[in-house]
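S.K.: Structure incoming, see below.
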Amino acid sequence: MIRIADYIADFLYKQGVTHIFMLSGGGSIYLDDGIACHKHLKHICARNEATAPMMAEGYARLTGKLGVVYVTTGPGGANAVSGLAEAWVDSAPIMIVSGQVQRDQTSYNAGIKNLRNFGIQELNIVEVVKSITKYAVMINDPESIRYYLEKAVYLAKSGRPGPVWLDIPLDVQCALVDENKLKGFKSKKLKHYRTLGENEISKVIELLKKSKKPLIIAGQGIRIGKAIEDFKGLIETLNVPVIFSRLGQDILPFSHKNNMGHGGMKGNKITGHIMHESDLIISLGSRLAVPFVGPKLDAFSENAKVIMVDIDDAELNKPGVKIDLLVKKDVKEFILKLNDSIKNAVLPDYSKWLKTCHKYKEKYPMITPESRRNPIDLYYFVSRLDALSKHNNIFVSDAGSSYYVTGQVLHFEKGQREITSGAFASMGVAIPLAIGCSVTDNDIQILAVTGDGSLELNIQELKTMSYYGLNIKLFVINNGGYLSIRNTQEALCQGRYIGSDQATCNEMLDLKKVADAFDLPYYNILKYEEIDEKINEIIAKKGTAFVEVLCDNHQKIFGSKKQL
């Protein structure tokens, strides 16, 4: 016989999970003890349940494994919802296991409409999270534990990945079961997409034959679909320009001859023009979100033909960009079949079009001689951090100006990765994402860039960094707080600041005191002339570091335009 809490812990370990992100509580007491009793599972204790799913997301997106979170009942689960939403919109396969009060004191089992609360710190969390999970269920029968665990893992990782939630009452957590008699889950080979027909590939080939300026849009679906090498083969064969969505841009180094950089409203200077000039768009694993195609959904020319390949029905059918050919298919299979068909097709030579795009790329760099100045230009700082980084560095970025600039400047020339909040561009995610990434491999080093405003949202997790001695270098951009919001208020509200005027009053944190309070080694970079020396010194050492970077509080953030 085995206790349910121990069965869950061992099940997760057998799935390849190495770390559980958690905050212990009375409602999850046996679940937590299951980790404590396991010989191999490790745990990372967050300071707020809101950040634990973000840590699990960083872990999952970097490794491709399941990220796992344990939280307690009631307020513990409620706190975790904000981190859960991040995993939902950015397609991260995480599992949240929440403790719950005993079965006979749950409003879920009471079956009384509008019963807000029953047992001690009880909340019907399953109903709260159903709309932002692929699967959410309370486990009432201990004998069903294997079935629900296997089903949850299958759904989290299949199709378009996403979060799942299991709610487990106290008297189920401590129940004993015979693991040899537990029934499992059979997937029934659920189809998330239909078979790709030759007719669809033929249509793509015909559109390519008619095109003079084709463009591929590449998103993180290529990585999720394990299609990176196939994708490289496709663009080498077609020899056409490629523009990446934010979560796809670390697939190729910026120097690659087909890579034109990061697209969207805050993309590289040239990408908006290339997107609008193209006459054929092939979107692979990118959902063509509003930040990418613009608030008026007009990033592409009205005359351009658009092909969208995606595994998610909802993304294909949402209102927005006019799609001429919808292909609901796993991107890897689509690329493989297209590659095979291209071998037997006679296509135009697109080299002239690619050469034109290269001229744009050379003429409009993000970094210019004027970027070397004081106060420090954020573009110049991030470009140097990128240039001096190593192959074992993982970039993590936060919201606002940090988010925009890293998206425009990072080049990934040494095969580095970036983990960031793609859909939300949320404030405060950098530290928890960095923690989740850091525990995946002792040999990697995290280079995290956050703002002095974003820092405050999850400042408590600085202690998690220092307590575990994680190899995270946190670069805090001191630009007077909320620079991105101030820029928006200047543009749209005639410079009326509300809640964003730290630079003009005495609200800014003393960042050295913050580092000292959380037992973090403190460094500062005050002038552009010392950037290289300081960065080399900081990344040469293993362990945590808190680095204040004094930047221009009137920093201009560039956007991508249709006309250069």
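Labels used: A, B, ... for chains in the order of the structure tokens, numbers from 1 for residues in each chain, and numbers from 1 for ligands as shown.
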Sort by chain and increasing residue number a table of all residues of segment 1-59 of chain A within 12 Å of segment 390-409 of chain A, each with its closest pair of atoms and their distance in Å to one decimal, counting only C-alpha atoms, and write it as CSV.

M.R.:
residue,atom,partner,partner_atom,distance
A:Met55,CA,A:Val396,CA,11.9
A:Gly58,CA,A:Val396,CA,9.2
A:Tyr59,CA,A:Ile394,CA,11.8

S.K.: Could you dump the residues just selected with all heavy atoms as a PDB file, in the first residue's frame?

M.R.:
ATOM      1  N   MET A  55       7.708  30.208 -12.153  1.00  0.00           N
ATOM      2  CA  MET A  55       8.935  29.421 -12.053  1.00  0.00           C
ATOM      3  C   MET A  55       8.782  28.113 -12.825  1.00  0.00           C
ATOM      4  O   MET A  55       9.669  27.713 -13.590  1.00  0.00           O
ATOM      5  CB  MET A  55       9.253  29.130 -10.586  1.00  0.00           C
ATOM      6  CG  MET A  55       9.559  30.349  -9.757  1.00  0.00           C
ATOM      7  SD  MET A  55       9.803  29.918  -7.997  1.00  0.00           S
ATOM      8  CE  MET A  55       9.862  31.558  -7.264  1.00  0.00           C
ATOM      9  N   GLY A  58       9.055  28.758 -16.575  1.00  0.00           N
ATOM     10  CA  GLY A  58      10.428  28.878 -17.038  1.00  0.00           C
ATOM     11  C   GLY A  58      11.087  27.515 -17.169  1.00  0.00           C
ATOM     12  O   GLY A  58      11.764  27.218 -18.168  1.00  0.00           O
ATOM     13  N   TYR A  59      10.886  26.678 -16.163  1.00  0.00           N
ATOM     14  CA  TYR A  59      11.421  25.308 -16.152  1.00  0.00           C
ATOM     15  C   TYR A  59      10.892  24.523 -17.357  1.00  0.00           C
ATOM     16  O   TYR A  59      11.650  23.871 -18.083  1.00  0.00           O
ATOM     17  CB  TYR A  59      11.005  24.651 -14.841  1.00  0.00           C
ATOM     18  CG  TYR A  59      11.361  23.199 -14.672  1.00  0.00           C
ATOM     19  CD1 TYR A  59      12.504  22.828 -13.959  1.00  0.00           C
ATOM     20  CD2 TYR A  59      10.544  22.192 -15.168  1.00  0.00           C
ATOM     21  CE1 TYR A  59      12.821  21.482 -13.763  1.00  0.00           C
ATOM     22  CE2 TYR A  59      10.856  20.854 -14.987  1.00  0.00           C
ATOM     23  CZ  TYR A  59      11.993  20.504 -14.285  1.00  0.00           C
ATOM     24  OH  TYR A  59      12.298  19.182 -14.103  1.00  0.00           O
TER      25      TYR A  59
END

S.K.: Just the residues within 9 Å of Val177 of chain A, please, counting only C-alpha atoms, with nothing from its chain fewer than 4 positions along; format it as a list in words.

M.R.: Met1, Ile2, Arg3, Ile4, Tyr7, Pro142, Glu143, Lys181 and Leu182 of chain A

S.K.: Export C-alpha atoms of the chosen residues as an mmCIF file, in the first residue's frame?

M.R.:
data_model
loop_
_atom_site.group_PDB
_atom_site.id
_atom_site.type_symbol
_atom_site.label_atom_id
_atom_site.label_comp_id
_atom_site.auth_asym_id
_atom_site.auth_seq_id
_atom_site.Cartn_x
_atom_site.Cartn_y
_atom_site.Cartn_z
ATOM 1 C CA MET A 1 0.000 0.000 0.000
ATOM 2 C CA ILE A 2 1.143 3.541 -0.708
ATOM 3 C CA ARG A 3 -0.064 6.930 0.456
ATOM 4 C CA ILE A 4 -1.578 9.083 -2.317
ATOM 5 C CA TYR A 7 2.291 8.038 -5.195
ATOM 6 C CA PRO A 142 -8.226 7.877 -4.220
ATOM 7 C CA GLU A 143 -8.422 4.827 -6.511
ATOM 8 C CA LYS A 181 -4.570 -2.149 -8.829
ATOM 9 C CA LEU A 182 -4.850 1.438 -10.049
#

S.K.: Could you tell me how far atom CA of Val242 of chain A sits from atom CA of Lys257 of chain A, in Å to one decimal place?

M.R.: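 Separating atom CA of Lys257 of chain A from atom CA of Val242 of chain A is a distance of 9.3 Å.
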
S.K.: Can you tell me how far atom CA of Ile217 of chain A sits from atom CA of Gly285 of chain A, in Å to one decimal?

M.R.: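 Taking atom CA of Ile217 of chain A and atom CA of Gly285 of chain A, their separation equals 8.2 Å.
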
S.K.: As an MDAnalysis selection string, which residues of segment 275-520 of chain A does DSSP assign to strand (DSSP E or B)?

M.R.: chainID A and resid 280:284 305:310 325:328 376 393:397 417:419 445:451 472:478

S.K.: Find, counting only C-alpha atoms, the residue in A:Pro161, A:Gly119, A:Pro169, A:Gly34 that gets nearest to Val137 of chain A.

M.R.: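 Ranking A:Pro161, A:Gly119, A:Pro169, A:Gly34 by distance to Val137 of chain A, first place goes to A:Pro169.
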
S.K.: Which residues are near segment 96-100 of chain A? Cut-off 9 Å, only C-alpha atoms, ignore same chain within fewer than 4 positions. Put them as number ranges by chain.

M.R.: A: 25-31, 53, 67-74, 76-77, 80, 84, 106, 121-125, 138, 163-171, 173

S.K.: Using Å and a single decimal, report how far atom CA of Leu207 of chain A sits from atom CA of Leu280 of chain A.

M.R.: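 Straight-line distance from atom CA of Leu280 of chain A to atom CA of Leu207 of chain A works out to 7.5 Å.
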
S.K.: Pick out the closest residue to Val309 of chain A from this set: A:Glu370, A:Asp330, A:Asp532, A:Asp250. Count only C-alpha atoms.

M.R.: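 Smallest distance to Val309 of chain A is found for A:Asp330.
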
S.K.: What's the 10 Å shell around Leu336 of chain A, counting only C-alpha atoms, without same-chain residues fewer than 6 positions away, as a list in words?

M.R.: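 Once the nearby chain positions are removed, what remains is Ala227, Asp230, Phe231, Gly233 and Leu234 of chain A.
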
S.K.: With C-alpha atoms retained, export the selected residues as a short mmCIF file (atom, residue, chain, number, x, y, z; two decimals), in the first residue's frame.

M.R.:
data_model
loop_
_atom_site.label_atom_id
_atom_site.label_comp_id
_atom_site.auth_asym_id
_atom_site.auth_seq_id
_atom_site.Cartn_x
_atom_site.Cartn_y
_atom_site.Cartn_z
CA ALA A 227 10.65 21.22 -36.00
CA ASP A 230 13.20 20.89 -40.52
CA PHE A 231 12.45 24.62 -40.52
CA GLY A 233 16.01 23.07 -44.16
CA LEU A 234 12.88 24.77 -45.52
#

S.K.: Can you pull out the residues contacting Asp90 of chain A? Cut-off 9 Å, using only C-alpha atoms, and skip same-chain residues under 5 positions away; I want them as an mmCIF file with C-alpha atoms, in the first residue's frame.

M.R.:
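File produced: out.cif:
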data_model
loop_
_atom_site.group_PDB
_atom_site.id
_atom_site.type_symbol
_atom_site.label_atom_id
_atom_site.label_comp_id
_atom_site.auth_asym_id
_atom_site.auth_seq_id
_atom_site.Cartn_x
_atom_site.Cartn_y
_atom_site.Cartn_z
ATOM 1 C CA GLU A 57 6.772 27.893 -16.702
ATOM 2 C CA ALA A 85 -2.667 32.728 -16.627
ATOM 3 C CA PRO A 161 0.644 22.654 -24.610
ATOM 4 C CA GLY A 162 -0.877 24.349 -21.597
ATOM 5 C CA LEU A 247 8.827 33.722 -28.573
ATOM 6 C CA SER A 421 6.351 36.735 -21.062
ATOM 7 C CA GLY A 422 5.284 36.582 -24.681
ATOM 8 C CA ALA A 423 1.555 37.305 -24.723
ATOM 9 C CA PHE A 424 1.214 39.506 -21.644
#

S.K.: Might you pull out every residue within 10 Å of Lys352 of chain A, with only C-alpha atoms counted and same-chain residues fewer than 4 positions away left off, and present them as a PDB file with N, CA, C and O atoms, in the first residue's frame?

M.R.:
ATOM      1  N   LYS A 212       6.470  36.965 -55.792  1.00  0.00           N
ATOM      2  CA  LYS A 212       7.767  37.569 -56.046  1.00  0.00           C
ATOM      3  C   LYS A 212       8.484  37.938 -54.751  1.00  0.00           C
ATOM      4  O   LYS A 212       9.715  38.054 -54.724  1.00  0.00           O
ATOM      5  N   LYS A 213       7.690  38.126 -53.680  1.00  0.00           N
ATOM      6  CA  LYS A 213       8.266  38.573 -52.409  1.00  0.00           C
ATOM      7  C   LYS A 213       7.653  37.783 -51.240  1.00  0.00           C
ATOM      8  O   LYS A 213       6.947  38.328 -50.404  1.00  0.00           O
ATOM      9  N   VAL A 240      14.200  32.489 -48.649  1.00  0.00           N
ATOM     10  CA  VAL A 240      13.332  33.659 -48.494  1.00  0.00           C
ATOM     11  C   VAL A 240      13.574  34.276 -47.116  1.00  0.00           C
ATOM     12  O   VAL A 240      14.090  33.617 -46.208  1.00  0.00           O
ATOM     13  N   THR A 356      17.295  42.572 -51.292  1.00  0.00           N
ATOM     14  CA  THR A 356      16.670  43.841 -50.922  1.00  0.00           C
ATOM     15  C   THR A 356      16.465  43.919 -49.413  1.00  0.00           C
ATOM     16  O   THR A 356      16.740  44.953 -48.782  1.00  0.00           O
ATOM     17  N   CYS A 357      16.015  42.826 -48.833  1.00  0.00           N
ATOM     18  CA  CYS A 357      15.808  42.782 -47.377  1.00  0.00           C
ATOM     19  C   CYS A 357      17.133  42.935 -46.629  1.00  0.00           C
ATOM     20  O   CYS A 357      17.192  43.597 -45.582  1.00  0.00           O
ATOM     21  N   HIS A 358      18.172  42.355 -47.167  1.00  0.00           N
ATOM     22  CA  HIS A 358      19.501  42.499 -46.559  1.00  0.00           C
ATOM     23  C   HIS A 358      19.959  43.957 -46.558  1.00  0.00           C
ATOM     24  O   HIS A 358      20.581  44.420 -45.599  1.00  0.00           O
TER      25      HIS A 358
END

S.K.: Using DSSP on the backbone, list every residue of segment 18-190 of chain A that comes out as alpha helix (DSSP H), and give them as a PyMOL selection string.

M.R.: chain A and resi 29-37+52-63+75-89+107-110+125-129+145-157+170-173

S.K.: So which residues touch segment 301-305 of chain A within 9 Å, counting only C-alpha atoms, skipping near sequence neighbours fewer than 6 positions away, as a PyMOL selection string?

M.R.: chain A and resi 207+275-282+322-325
